[in-house]
$ cat query29.pdb   # PDB, C-alpha atoms
ATOM      1  CA  MET A   1     -56.109 -38.466-156.781
ATOM      2  CA  HIS A   2     -59.280 -39.509-158.622
ATOM      3  CA  ILE A   3     -60.717 -36.409-160.370
ATOM      4  CA  GLU A   4     -63.619 -36.181-162.816
ATOM      5  CA  VAL A   5     -64.541 -33.259-165.112
ATOM      6  CA  ILE A   6     -68.263 -32.675-165.663
ATOM      7  CA  THR A   7     -69.746 -30.903-168.679
ATOM      8  CA  THR A   8     -72.830 -31.097-170.892
ATOM      9  CA  PRO A   9     -73.461 -30.377-174.606
ATOM     10  CA  ASN A  10     -73.019 -26.605-174.902
ATOM     11  CA  GLU A  11     -75.772 -26.023-177.444
ATOM     12  CA  ALA A  12     -78.323 -26.675-174.672
ATOM     13  CA  LEU A  13     -76.951 -23.824-172.553
ATOM     14  CA  LYS A  14     -77.424 -20.065-172.741
ATOM     15  CA  GLU A  15     -74.838 -19.440-170.033
ATOM     16  CA  SER A  16     -71.093 -19.679-169.995
ATOM     17  CA  GLY A  17     -68.840 -22.472-168.807
ATOM     18  CA  PHE A  18     -65.304 -23.661-169.484
ATOM     19  CA  GLY A  19     -66.245 -23.809-173.170
ATOM     20  CA  ALA A  20     -66.727 -26.485-175.810
ATOM     21  CA  LEU A  21     -65.464 -30.057-175.507
ATOM     22  CA  MET A  22     -62.033 -28.937-176.733
ATOM     23  CA  ALA A  23     -61.659 -26.662-173.687
ATOM     24  CA  CYS A  24     -62.717 -29.452-171.317
ATOM     25  CA  ASN A  25     -60.191 -31.789-172.927
ATOM     26  CA  SER A  26     -57.471 -29.154-172.461
ATOM     27  CA  VAL A  27     -58.322 -29.007-168.745
ATOM     28  CA  LEU A  28     -58.396 -32.813-168.564
ATOM     29  CA  ASN A  29     -54.967 -33.119-170.219
ATOM     30  CA  ALA A  30     -53.485 -30.546-167.827
ATOM     31  CA  ILE A  31     -54.854 -32.503-164.846
ATOM     32  CA  TYR A  32     -53.422 -35.724-166.301
ATOM     33  CA  ARG A  33     -50.005 -34.065-166.610
ATOM     34  CA  MET A  34     -50.261 -33.187-162.910
ATOM     35  CA  GLY A  35     -50.231 -36.926-162.214
ATOM     36  CA  HIS A  36     -53.885 -37.434-161.278
ATOM     37  CA  SER A  37     -56.335 -40.055-162.488
ATOM     38  CA  VAL A  38     -58.899 -38.056-164.464
ATOM     39  CA  LYS A  39     -62.054 -38.757-166.468
ATOM     40  CA  LEU A  40     -64.232 -36.470-168.625
ATOM     41  CA  ASN A  41     -68.023 -36.857-168.453
ATOM     42  CA  VAL A  42     -70.455 -35.283-170.944
ATOM     43  CA  CYS A  43     -73.670 -35.564-168.939
ATOM     44  CA  GLU A  44     -77.189 -35.246-170.329
ATOM     45  CA  SER A  45     -79.206 -37.057-167.654
ATOM     46  CA  LYS A  46     -79.488 -37.660-163.930
ATOM     47  CA  GLU A  47     -78.461 -41.275-164.554
ATOM     48  CA  SER A  48     -75.078 -40.180-165.888
ATOM     49  CA  LEU A  49     -74.559 -38.098-162.740
ATOM     50  CA  ASP A  50     -75.611 -41.021-160.545
ATOM     51  CA  GLU A  51     -72.869 -43.108-162.154
ATOM     52  CA  ILE A  52     -70.290 -40.504-161.131
ATOM     53  CA  VAL A  53     -71.567 -40.621-157.543
ATOM     54  CA  ARG A  54     -71.151 -44.395-157.515
ATOM     55  CA  ARG A  55     -67.501 -43.979-158.560
ATOM     56  CA  ASN A  56     -67.104 -41.502-155.656
ATOM     57  CA  PRO A  57     -64.306 -39.265-157.062
ATOM     58  CA  GLU A  58     -62.269 -37.209-154.606
ATOM     59  CA  LEU A  59     -62.939 -34.054-156.632
ATOM     60  CA  VAL A  60     -65.288 -33.173-159.482
ATOM     61  CA  ILE A  61     -64.464 -30.192-161.703
ATOM     62  CA  LEU A  62     -67.682 -28.456-162.739
ATOM     63  CA  ALA A  63     -67.142 -27.075-166.252
ATOM     64  CA  VAL A  64     -70.780 -25.909-166.419
ATOM     65  CA  LYS A  65     -73.292 -24.747-163.815
ATOM     66  CA  TYR A  66     -76.121 -27.116-164.603
ATOM     67  CA  VAL A  67     -77.363 -29.952-166.810
ATOM     68  CA  PRO A  68     -80.554 -28.972-168.683
ATOM     69  CA  LEU A  69     -83.255 -31.635-168.919
ATOM     70  CA  GLU A  70     -86.156 -31.701-171.364
ATOM     71  CA  ASN A  71     -89.508 -31.083-169.615
ATOM     72  CA  GLU A  72     -87.798 -31.194-166.193
ATOM     73  CA  ASP A  73     -85.994 -28.770-163.928
ATOM     74  CA  ASP A  74     -82.300 -28.199-164.628
ATOM     75  CA  ILE A  75     -79.924 -30.132-162.367
ATOM     76  CA  TRP A  76     -77.581 -27.650-160.720
ATOM     77  CA  LEU A  77     -74.326 -29.542-160.301
ATOM     78  CA  SER A  78     -73.162 -27.765-157.145
ATOM     79  CA  ASP A  79     -76.459 -28.715-155.458
ATOM     80  CA  TYR A  80     -76.337 -32.271-156.751
ATOM     81  CA  PHE A  81     -72.793 -33.068-155.639
ATOM     82  CA  SER A  82     -73.221 -31.222-152.342
ATOM     83  CA  GLN A  83     -76.262 -33.379-151.569
ATOM     84  CA  HIS A  84     -74.164 -36.478-152.306
ATOM     85  CA  LYS A  85     -71.296 -35.147-150.162
ATOM     86  CA  ILE A  86     -68.848 -35.117-153.067
ATOM     87  CA  ASN A  87     -66.164 -32.429-153.226
ATOM     88  CA  PHE A  88     -66.649 -30.064-156.189
ATOM     89  CA  SER A  89     -64.793 -27.121-157.696
ATOM     90  CA  GLY A  90     -66.058 -23.574-157.763
ATOM     91  CA  SER A  91     -68.832 -21.809-155.917
ATOM     92  CA  THR A  92     -72.017 -23.052-154.296
ATOM     93  CA  ARG A  93     -75.451 -22.621-155.881
ATOM     94  CA  ASP A  94     -76.219 -19.678-153.586
ATOM     95  CA  VAL A  95     -73.275 -17.809-155.067
ATOM     96  CA  LEU A  96     -73.648 -18.972-158.670
ATOM     97  CA  LYS A  97     -76.954 -17.073-158.857
ATOM     98  CA  PHE A  98     -74.827 -13.903-159.028
ATOM     99  CA  ASP A  99     -73.282 -15.221-162.244
ATOM    100  CA  SER A 100     -76.661 -16.180-163.722
ATOM    101  CA  ASN A 101     -78.345 -12.868-162.891
ATOM    102  CA  LYS A 102     -76.348  -9.676-163.352
ATOM    103  CA  VAL A 103     -78.892  -7.568-161.450
ATOM    104  CA  LYS A 104     -78.732  -9.773-158.343
ATOM    105  CA  ALA A 105     -74.955  -9.332-158.293
ATOM    106  CA  LYS A 106     -75.251  -5.562-158.688
ATOM    107  CA  MET A 107     -77.908  -5.280-155.949
ATOM    108  CA  HIS A 108     -75.903  -7.460-153.568
ATOM    109  CA  LEU A 109     -72.698  -5.468-154.011
ATOM    110  CA  THR A 110     -74.445  -2.090-153.976
ATOM    111  CA  ASN A 111     -75.866  -3.012-150.579
ATOM    112  CA  LYS A 112     -72.297  -3.645-149.429
ATOM    113  CA  GLY A 113     -71.165  -0.216-150.595
ATOM    114  CA  ILE A 114     -69.277  -1.519-153.651
ATOM    115  CA  LYS A 115     -69.489   0.657-156.760
ATOM    116  CA  THR A 116     -71.534  -0.648-159.679
ATOM    117  CA  ALA A 117     -72.731   1.140-162.780
ATOM    118  CA  ARG A 118     -76.205   2.642-162.328
ATOM    119  CA  TYR A 119     -78.870   0.473-163.899
ATOM    120  CA  PHE A 120     -82.547  -0.282-164.289
ATOM    121  CA  ILE A 121     -84.627  -3.042-165.863
ATOM    122  CA  ALA A 122     -86.879  -2.514-168.888
ATOM    123  CA  THR A 123     -89.470  -4.446-170.882
ATOM    124  CA  PRO A 124     -91.192  -3.343-174.114
ATOM    125  CA  GLY A 125     -93.670  -0.574-173.457
ATOM    126  CA  GLN A 126     -92.738  -0.141-169.799
ATOM    127  CA  TYR A 127     -91.501   3.416-170.376
ATOM    128  CA  GLN A 128     -93.641   5.657-172.584
ATOM    129  CA  THR A 129     -91.405   8.711-172.770
ATOM    130  CA  GLU A 130     -87.808   9.696-172.147
ATOM    131  CA  ARG A 131     -88.890  11.633-169.041
ATOM    132  CA  GLU A 132     -89.993   8.377-167.382
ATOM    133  CA  LEU A 133     -86.538   6.791-167.571
ATOM    134  CA  PRO A 134     -84.730   6.543-164.189
ATOM    135  CA  PHE A 135     -81.748   8.406-165.673
ATOM    136  CA  THR A 136     -80.881   9.859-169.004
ATOM    137  CA  PHE A 137     -78.869   8.977-172.106
ATOM    138  CA  PRO A 138     -76.437   7.684-173.179
ATOM    139  CA  LEU A 139     -77.453   4.196-172.043
ATOM    140  CA  PHE A 140     -76.167   0.678-172.680
ATOM    141  CA  LEU A 141     -78.581  -2.257-173.123
ATOM    142  CA  LYS A 142     -77.926  -5.985-172.793
ATOM    143  CA  PRO A 143     -79.685  -9.232-171.832
ATOM    144  CA  LEU A 144     -80.110  -9.937-168.131
ATOM    145  CA  ASP A 145     -78.177 -13.204-168.074
ATOM    146  CA  ALA A 146     -76.779 -14.048-171.509
ATOM    147  CA  ALA A 147     -73.048 -14.757-171.719
ATOM    148  CA  ASN A 148     -70.240 -14.360-174.251
ATOM    149  CA  GLY A 149     -71.421 -10.942-175.399
ATOM    150  CA  ASN A 150     -74.667 -12.325-176.818
ATOM    151  CA  GLY A 151     -77.108  -9.546-177.632
ATOM    152  CA  ILE A 152     -74.422  -6.871-177.397
ATOM    153  CA  ASP A 153     -73.523  -4.850-180.511
ATOM    154  CA  ASP A 154     -73.298  -1.240-181.703
ATOM    155  CA  LEU A 155     -77.064  -0.872-181.221
ATOM    156  CA  SER A 156     -76.627  -1.599-177.506
ATOM    157  CA  PHE A 157     -75.386   1.980-177.172
ATOM    158  CA  VAL A 158     -78.457   4.246-177.347
ATOM    159  CA  ASN A 159     -78.628   8.018-177.254
ATOM    160  CA  ASN A 160     -82.333   8.660-177.843
ATOM    161  CA  PHE A 161     -85.697   7.209-176.871
ATOM    162  CA  THR A 162     -86.515   5.757-180.299
ATOM    163  CA  ASP A 163     -83.314   3.696-180.352
ATOM    164  CA  PHE A 164     -83.977   2.697-176.733
ATOM    165  CA  GLU A 165     -87.436   1.314-177.569
ATOM    166  CA  THR A 166     -86.115  -0.505-180.644
ATOM    167  CA  LYS A 167     -83.260  -2.222-178.802
ATOM    168  CA  VAL A 168     -85.445  -3.184-175.811
ATOM    169  CA  ALA A 169     -87.953  -4.819-178.187
ATOM    170  CA  SER A 170     -85.218  -6.587-180.165
ATOM    171  CA  LEU A 171     -83.496  -8.036-177.096
ATOM    172  CA  TYR A 172     -86.789  -9.031-175.494
ATOM    173  CA  ASN A 173     -87.897 -10.878-178.642
ATOM    174  CA  THR A 174     -84.577 -12.709-178.825
ATOM    175  CA  PHE A 175     -83.999 -13.563-175.149
ATOM    176  CA  ASN A 176     -87.545 -13.437-173.752
ATOM    177  CA  GLN A 177     -86.477 -11.728-170.543
ATOM    178  CA  PRO A 178     -86.296  -8.212-169.077
ATOM    179  CA  ILE A 179     -83.466  -6.057-170.383
ATOM    180  CA  LEU A 180     -80.622  -4.688-168.263
ATOM    181  CA  VAL A 181     -80.121  -0.978-168.937
ATOM    182  CA  GLU A 182     -76.906   0.578-167.594
ATOM    183  CA  GLU A 183     -75.448   4.040-167.632
ATOM    184  CA  TYR A 184     -72.893   4.142-170.420
ATOM    185  CA  LEU A 185     -69.355   4.274-169.072
ATOM    186  CA  ASP A 186     -66.986   5.861-171.554
ATOM    187  CA  GLY A 187     -63.663   4.775-170.042
ATOM    188  CA  ARG A 188     -61.382   1.755-170.140
ATOM    189  CA  GLU A 189     -62.466  -1.867-169.722
ATOM    190  CA  PHE A 190     -60.798  -4.439-167.453
ATOM    191  CA  THR A 191     -61.122  -8.042-166.390
ATOM    192  CA  VAL A 192     -59.541  -9.734-163.383
ATOM    193  CA  ALA A 193     -58.973 -13.477-163.091
ATOM    194  CA  VAL A 194     -59.138 -14.302-159.376
ATOM    195  CA  ILE A 195     -57.955 -17.575-157.845
ATOM    196  CA  LYS A 196     -58.185 -18.392-154.148
ATOM    197  CA  ASN A 197     -55.315 -20.713-153.248
ATOM    198  CA  SER A 198     -55.291 -23.442-150.602
ATOM    199  CA  ASN A 199     -54.202 -20.868-147.980
ATOM    200  CA  ASN A 200     -57.189 -18.624-148.854
ATOM    201  CA  ALA A 201     -54.906 -15.973-150.374
ATOM    202  CA  LEU A 202     -56.098 -14.384-153.615
ATOM    203  CA  ILE A 203     -54.052 -14.436-156.807
ATOM    204  CA  LEU A 204     -55.273 -11.553-158.980
ATOM    205  CA  SER A 205     -54.503 -11.238-162.682
ATOM    206  CA  ALA A 206     -55.783  -7.827-163.785
ATOM    207  CA  VAL A 207     -55.638  -6.844-167.459
ATOM    208  CA  GLU A 208     -57.147  -4.256-169.767
ATOM    209  CA  ILE A 209     -59.387  -5.317-172.648
ATOM    210  CA  ILE A 210     -59.274  -3.125-175.749
ATOM    211  CA  PRO A 211     -62.247  -3.837-178.055
ATOM    212  CA  PRO A 212     -61.947  -3.185-181.787
ATOM    213  CA  THR A 213     -63.337   0.113-183.090
ATOM    214  CA  SER A 214     -66.567  -0.462-185.007
ATOM    215  CA  THR A 215     -67.660   1.282-188.207
ATOM    216  CA  ASN A 216     -69.640   3.661-185.980
ATOM    217  CA  GLY A 217     -66.507   4.586-184.048
ATOM    218  CA  LEU A 218     -67.570   2.715-180.895
ATOM    219  CA  LYS A 219     -65.467   0.333-178.818
ATOM    220  CA  ILE A 220     -67.992  -2.308-177.776
ATOM    221  CA  LEU A 221     -67.064  -5.753-176.522
ATOM    222  CA  GLY A 222     -69.905  -7.701-178.101
ATOM    223  CA  ALA A 223     -70.522 -11.204-179.386
ATOM    224  CA  GLN A 224     -68.893 -10.592-182.776
ATOM    225  CA  ALA A 225     -65.672  -9.219-181.283
ATOM    226  CA  LYS A 226     -65.432 -12.218-178.939
ATOM    227  CA  LYS A 227     -66.175 -14.664-181.750
ATOM    228  CA  ASP A 228     -63.528 -13.077-183.983
ATOM    229  CA  ASP A 229     -60.998 -12.693-181.122
ATOM    230  CA  SER A 230     -60.526  -9.148-182.417
ATOM    231  CA  GLU A 231     -60.166  -7.543-178.991
ATOM    232  CA  MET A 232     -56.749  -7.120-177.355
ATOM    233  CA  MET A 233     -55.737  -7.934-173.779
ATOM    234  CA  VAL A 234     -52.810  -5.988-172.343
ATOM    235  CA  ASN A 235     -51.156  -5.236-169.023
ATOM    236  CA  ILE A 236     -52.620  -2.261-167.182
ATOM    237  CA  ASP A 237     -49.869   0.319-167.677
ATOM    238  CA  ASP A 238     -50.842   2.712-164.868
ATOM    239  CA  ASN A 239     -49.960   1.364-161.415
ATOM    240  CA  LYS A 240     -52.635   3.416-159.611
ATOM    241  CA  ILE A 241     -55.381   2.220-161.974
ATOM    242  CA  ARG A 242     -54.109  -1.370-161.693
ATOM    243  CA  GLN A 243     -54.296  -1.221-157.900
ATOM    244  CA  ASN A 244     -57.793   0.311-158.026
ATOM    245  CA  VAL A 245     -58.979  -2.428-160.382
ATOM    246  CA  LYS A 246     -57.503  -5.161-158.186
ATOM    247  CA  ALA A 247     -58.991  -3.623-155.034
ATOM    248  CA  LEU A 248     -62.460  -3.492-156.617
ATOM    249  CA  ALA A 249     -62.130  -7.068-157.921
ATOM    250  CA  THR A 250     -61.105  -8.263-154.457
ATOM    251  CA  ALA A 251     -64.058  -6.484-152.843
ATOM    252  CA  ALA A 252     -66.483  -7.936-155.407
ATOM    253  CA  PHE A 253     -65.046 -11.477-155.168
ATOM    254  CA  ASN A 254     -65.247 -11.474-151.378
ATOM    255  CA  GLY A 255     -68.513  -9.555-151.291
ATOM    256  CA  LEU A 256     -70.229 -12.134-153.477
ATOM    257  CA  GLY A 257     -68.786 -14.986-151.410
ATOM    258  CA  VAL A 258     -67.027 -16.619-154.353
ATOM    259  CA  ARG A 259     -65.179 -19.879-153.687
ATOM    260  CA  ASP A 260     -62.059 -21.133-155.510
ATOM    261  CA  PHE A 261     -62.057 -18.892-158.609
ATOM    262  CA  GLY A 262     -63.957 -16.384-160.710
ATOM    263  CA  ARG A 263     -63.544 -13.570-163.187
ATOM    264  CA  ILE A 264     -64.632 -10.034-162.313
ATOM    265  CA  ASP A 265     -65.380  -7.546-165.099
ATOM    266  CA  ILE A 266     -64.840  -3.852-164.392
ATOM    267  CA  LYS A 267     -65.294  -0.687-166.422
ATOM    268  CA  ALA A 268     -64.212   2.891-165.826
ATOM    269  CA  ASN A 269     -65.654   6.235-166.782
ATOM    270  CA  LYS A 270     -63.564   8.893-168.513
ATOM    271  CA  ALA A 271     -62.440  10.229-165.128
ATOM    272  CA  GLY A 272     -60.932   6.802-164.331
ATOM    273  CA  GLU A 273     -63.473   5.872-161.642
ATOM    274  CA  CYS A 274     -63.988   2.093-161.660
ATOM    275  CA  PHE A 275     -67.278   0.187-161.393
ATOM    276  CA  PHE A 276     -68.170  -3.507-161.032
ATOM    277  CA  MET A 277     -69.966  -4.799-164.137
ATOM    278  CA  GLU A 278     -70.422  -8.549-163.696
ATOM    279  CA  ALA A 279     -68.943 -11.789-162.361
ATOM    280  CA  ASN A 280     -68.210 -14.942-164.348
ATOM    281  CA  LEU A 281     -67.909 -17.783-161.848
ATOM    282  CA  VAL A 282     -67.387 -20.638-164.321
ATOM    283  CA  PRO A 283     -64.927 -18.822-166.593
ATOM    284  CA  GLY A 284     -63.949 -19.920-170.080
ATOM    285  CA  MET A 285     -60.886 -22.140-170.287
ATOM    286  CA  THR A 286     -60.348 -22.404-174.048
ATOM    287  CA  TYR A 287     -56.611 -22.670-174.630
ATOM    288  CA  GLY A 288     -55.200 -19.590-176.373
ATOM    289  CA  SER A 289     -58.326 -17.421-176.347
ATOM    290  CA  SER A 290     -60.355 -17.455-173.110
ATOM    291  CA  TYR A 291     -59.910 -14.384-170.925
ATOM    292  CA  PHE A 292     -59.206 -16.262-167.695
ATOM    293  CA  PRO A 293     -56.046 -18.181-168.714
ATOM    294  CA  GLN A 294     -54.953 -15.314-170.956
ATOM    295  CA  ALA A 295     -55.154 -12.818-168.091
ATOM    296  CA  CYS A 296     -53.111 -15.161-165.876
ATOM    297  CA  TYR A 297     -50.424 -15.365-168.553
ATOM    298  CA  ILE A 298     -50.307 -11.621-169.254
ATOM    299  CA  ALA A 299     -50.207 -10.634-165.576
ATOM    300  CA  HIS A 300     -48.028 -13.424-164.159
ATOM    301  CA  LYS A 301     -46.650 -15.471-167.098
ATOM    302  CA  PHE A 302     -48.570 -18.521-165.812
ATOM    303  CA  ASP A 303     -48.861 -21.081-168.588
ATOM    304  CA  TYR A 304     -52.097 -23.016-169.118
ATOM    305  CA  ASP A 305     -51.062 -26.012-166.987
ATOM    306  CA  LYS A 306     -50.127 -23.685-164.116
ATOM    307  CA  VAL A 307     -53.539 -21.978-164.286
ATOM    308  CA  VAL A 308     -55.321 -25.357-164.096
ATOM    309  CA  GLU A 309     -53.079 -26.391-161.202
ATOM    310  CA  LEU A 310     -54.016 -23.210-159.330
ATOM    311  CA  LEU A 311     -57.734 -23.662-160.113
ATOM    312  CA  LEU A 312     -57.617 -27.109-158.519
ATOM    313  CA  ALA A 313     -55.545 -26.165-155.468
ATOM    314  CA  SER A 314     -58.408 -25.393-153.083
ATOM    315  CA  GLY A 315     -60.448 -28.383-154.241
ATOM    316  CA  ILE A 316     -57.495 -30.714-153.746
ATOM    317  CA  ALA A 317     -56.906 -29.215-150.288
ATOM    318  CA  ARG A 318     -60.540 -29.964-149.389
ATOM    319  CA  ALA A 319     -60.116 -33.528-150.648
ATOM    320  CA  SER A 320     -57.084 -33.967-148.392
ATOM    321  CA  SER A 321     -58.909 -32.584-145.347
ATOM    322  CA  THR A 322     -60.261 -34.858-142.642
ATOM    323  CA  ILE A 323     -63.426 -32.706-142.547
ATOM    324  CA  PRO A 324     -66.190 -34.019-144.864
ATOM    325  CA  PRO A 325     -66.700 -31.777-147.963
ATOM    326  CA  ASN A 326     -70.267 -30.862-146.935
ATOM    327  CA  LEU A 327     -69.040 -29.523-143.578
ATOM    328  CA  GLN A 328     -66.078 -27.529-144.858
ATOM    329  CA  PRO A 329     -66.193 -23.715-145.097
ATOM    330  CA  ASP A 330     -68.362 -22.391-147.979
ATOM    331  CA  SER A 331     -70.197 -25.699-148.442
ATOM    332  CA  ASP A 332     -73.963 -25.522-148.990
ATOM    333  CA  ASP A 333     -74.632 -27.429-145.781
ATOM    334  CA  VAL A 334     -72.603 -24.978-143.711
ATOM    335  CA  ILE A 335     -74.289 -21.984-145.371
ATOM    336  CA  VAL A 336     -77.730 -23.419-144.606
ATOM    337  CA  SER A 337     -76.803 -24.158-141.001
ATOM    338  CA  LEU A 338     -75.699 -20.571-140.475
TER     339      LEU A 338
END

$ encode --input "query29.pdb" --output "structure tokens"
Amino acid sequence: MHIEVITTPNEALKESGFGALMACNSVLNAIYRMGHSVKLNVCESKESLDEIVRRNPELVILAVKYVPLENEDDIWLSDYFSQHKINFSGSTRDVLKFDSNKVKAKMHLTNKGIKTARYFIATPGQYQTERELPFTFPLFLKPLDAANGNGIDDLSFVNNFTDFETKVASLYNTFNQPILVEEYLDGREFTVAVIKNSNNALILSAVEIIPPTSTNGLKILGAQAKKDDSEMMVNIDDNKIRQNVKALATAAFNGLGVRDFGRIDIKANKAGECFFMEANLVPGMTYGSSYFPQACYIAHKFDYDKVVELLLASGIARASSTIPPNLQPDSDDVIVSL
């Protein structure tokens, strides 16, 4: 099968994807070992995407959500390849918005009765006193759409109005966007790698993430911890909690309408009650460190090549179908027609 992997220089992106070029090459090599013809494209222009369309691959693997262009609108790859009736991996643009905007995902799932942490949005000066806040401290502050823990550190945990104002101003100056303010959940942290196979069954790899303890005695999974790989990922030792985490991840994955694969982040309070936190629909694939392949190994002993094989299964099944990609279930064209 003729497969092409699509990425773009990562320094132009604020959102997550498979990772740097090394991660994309790891995916490419795994696909090659599966026996497919495969090519890696680092795209920076519409012309480079047009060349891929002319080659007409049977499947394109989208390692990023979009290609940013200077002084022009970003090219969202799921839209682009859907319009050209080329089979692509991952979710449609309609669904990827839930990855790009944490609040949209929370609102969507809340409306479906799925538990999310309470939240509100803040900008500098919006709230003048503690009494005006929608709910009280402790609170946890982070950027609306930044990935990889960016903007998250010990100061994200706030317990008074002065610290709240300071962190809102700091994040707003850095990210130039409204700030997501969540109730602080003081329990365990989990992530679930979810893969939908060619039979539409879900393979769930649920693990616990244990952040390092900071000098302030907090366990916060921020940018520095992720950069240093200082957090630990372990099997969930309690069967009841593991089943609750998997059930919530399944509800969130299906509730958001995710196609092929995604990673669902979940956190608990001290009582063990679990809440959806966010979805990563183009998860990191860096060999040896990214949460998605690591979770698959910890939960199921799947090696890296097996994870890539599973990621591609639904896309390959669509390529083998006699139904055109744009008319298959979950395609943009079908969603619009509904």

$ resolve_selection --input "query29.pdb" --expression "the PyMOL selection byres ((chain A and resi 32-44) around 9)" --output "PyMOL selection string"
chain A and resi 1-9+21+24-25+27-31+45-49+52+67-69+305+309

$ atom_distance --input "query29.pdb" --atom1 "CA of Ala169 in chain A" --atom2 "CA of Asp153 in chain A"
14.6 Å

$ closest_residue --input "query29.pdb" --among "A:Gly151, A:Pro293, A:Gly262, A:Gly272" --to "Ser89 in chain A" --atoms "all atoms listed in the file"
A:Gly262

$ resolve_selection --input "query29.pdb" --expression "the PyMOL selection byres ((chain A and resi 206) around 8)" --output "PDB file with C-alpha atoms, in the coordinates of the input"
ATOM      1  CA  PHE A 190     -60.798  -4.439-167.453  1.00  0.00           C
ATOM      2  CA  THR A 191     -61.122  -8.042-166.390  1.00  0.00           C
ATOM      3  CA  VAL A 192     -59.541  -9.734-163.383  1.00  0.00           C
ATOM      4  CA  ALA A 193     -58.973 -13.477-163.091  1.00  0.00           C
ATOM      5  CA  LEU A 204     -55.273 -11.553-158.980  1.00  0.00           C
ATOM      6  CA  SER A 205     -54.503 -11.238-162.682  1.00  0.00           C
ATOM      7  CA  VAL A 207     -55.638  -6.844-167.459  1.00  0.00           C
ATOM      8  CA  GLU A 208     -57.147  -4.256-169.767  1.00  0.00           C
ATOM      9  CA  ASN A 235     -51.156  -5.236-169.023  1.00  0.00           C
ATOM     10  CA  ILE A 236     -52.620  -2.261-167.182  1.00  0.00           C
ATOM     11  CA  ARG A 242     -54.109  -1.370-161.693  1.00  0.00           C
ATOM     12  CA  VAL A 245     -58.979  -2.428-160.382  1.00  0.00           C
ATOM     13  CA  LYS A 246     -57.503  -5.161-158.186  1.00  0.00           C
ATOM     14  CA  ALA A 295     -55.154 -12.818-168.091  1.00  0.00           C
ATOM     15  CA  ALA A 299     -50.207 -10.634-165.576  1.00  0.00           C
TER      16      ALA A 299
END

$ resolve_selection --input "query29.pdb" --expression "the PyMOL selection byres ((chain A and resi 291) around 12)" --output "ChimeraX atom specification"
/A:18-19,148,190-194,205-209,226,229,231-234,262-265,280,282-290,292-299,304,307

$ write_last_selection --input "query29.pdb" --atoms "C-alpha atoms" --output "PDB file, keeping the file's coordinate frame"
ATOM      1  CA  PHE A  18     -65.304 -23.661-169.484  1.00  0.00           C
ATOM      2  CA  GLY A  19     -66.245 -23.809-173.170  1.00  0.00           C
ATOM      3  CA  ASN A 148     -70.240 -14.360-174.251  1.00  0.00           C
ATOM      4  CA  PHE A 190     -60.798  -4.439-167.453  1.00  0.00           C
ATOM      5  CA  THR A 191     -61.122  -8.042-166.390  1.00  0.00           C
ATOM      6  CA  VAL A 192     -59.541  -9.734-163.383  1.00  0.00           C
ATOM      7  CA  ALA A 193     -58.973 -13.477-163.091  1.00  0.00           C
ATOM      8  CA  VAL A 194     -59.138 -14.302-159.376  1.00  0.00           C
ATOM      9  CA  SER A 205     -54.503 -11.238-162.682  1.00  0.00           C
ATOM     10  CA  ALA A 206     -55.783  -7.827-163.785  1.00  0.00           C
ATOM     11  CA  VAL A 207     -55.638  -6.844-167.459  1.00  0.00           C
ATOM     12  CA  GLU A 208     -57.147  -4.256-169.767  1.00  0.00           C
ATOM     13  CA  ILE A 209     -59.387  -5.317-172.648  1.00  0.00           C
ATOM     14  CA  LYS A 226     -65.432 -12.218-178.939  1.00  0.00           C
ATOM     15  CA  ASP A 229     -60.998 -12.693-181.122  1.00  0.00           C
ATOM     16  CA  GLU A 231     -60.166  -7.543-178.991  1.00  0.00           C
ATOM     17  CA  MET A 232     -56.749  -7.120-177.355  1.00  0.00           C
ATOM     18  CA  MET A 233     -55.737  -7.934-173.779  1.00  0.00           C
ATOM     19  CA  VAL A 234     -52.810  -5.988-172.343  1.00  0.00           C
ATOM     20  CA  GLY A 262     -63.957 -16.384-160.710  1.00  0.00           C
ATOM     21  CA  ARG A 263     -63.544 -13.570-163.187  1.00  0.00           C
ATOM     22  CA  ILE A 264     -64.632 -10.034-162.313  1.00  0.00           C
ATOM     23  CA  ASP A 265     -65.380  -7.546-165.099  1.00  0.00           C
ATOM     24  CA  ASN A 280     -68.210 -14.942-164.348  1.00  0.00           C
ATOM     25  CA  VAL A 282     -67.387 -20.638-164.321  1.00  0.00           C
ATOM     26  CA  PRO A 283     -64.927 -18.822-166.593  1.00  0.00           C
ATOM     27  CA  GLY A 284     -63.949 -19.920-170.080  1.00  0.00           C
ATOM     28  CA  MET A 285     -60.886 -22.140-170.287  1.00  0.00           C
ATOM     29  CA  THR A 286     -60.348 -22.404-174.048  1.00  0.00           C
ATOM     30  CA  TYR A 287     -56.611 -22.670-174.630  1.00  0.00           C
ATOM     31  CA  GLY A 288     -55.200 -19.590-176.373  1.00  0.00           C
ATOM     32  CA  SER A 289     -58.326 -17.421-176.347  1.00  0.00           C
ATOM     33  CA  SER A 290     -60.355 -17.455-173.110  1.00  0.00           C
ATOM     34  CA  PHE A 292     -59.206 -16.262-167.695  1.00  0.00           C
ATOM     35  CA  PRO A 293     -56.046 -18.181-168.714  1.00  0.00           C
ATOM     36  CA  GLN A 294     -54.953 -15.314-170.956  1.00  0.00           C
ATOM     37  CA  ALA A 295     -55.154 -12.818-168.091  1.00  0.00           C
ATOM     38  CA  CYS A 296     -53.111 -15.161-165.876  1.00  0.00           C
ATOM     39  CA  TYR A 297     -50.424 -15.365-168.553  1.00  0.00           C
ATOM     40  CA  ILE A 298     -50.307 -11.621-169.254  1.00  0.00           C
ATOM     41  CA  ALA A 299     -50.207 -10.634-165.576  1.00  0.00           C
ATOM     42  CA  TYR A 304     -52.097 -23.016-169.118  1.00  0.00           C
ATOM     43  CA  VAL A 307     -53.539 -21.978-164.286  1.00  0.00           C
TER      44      VAL A 307
END

$ atom_distance --input "query29.pdb" --atom1 "CA of Asn199 in chain A" --atom2 "CA of Ala313 in chain A"
9.3 Å
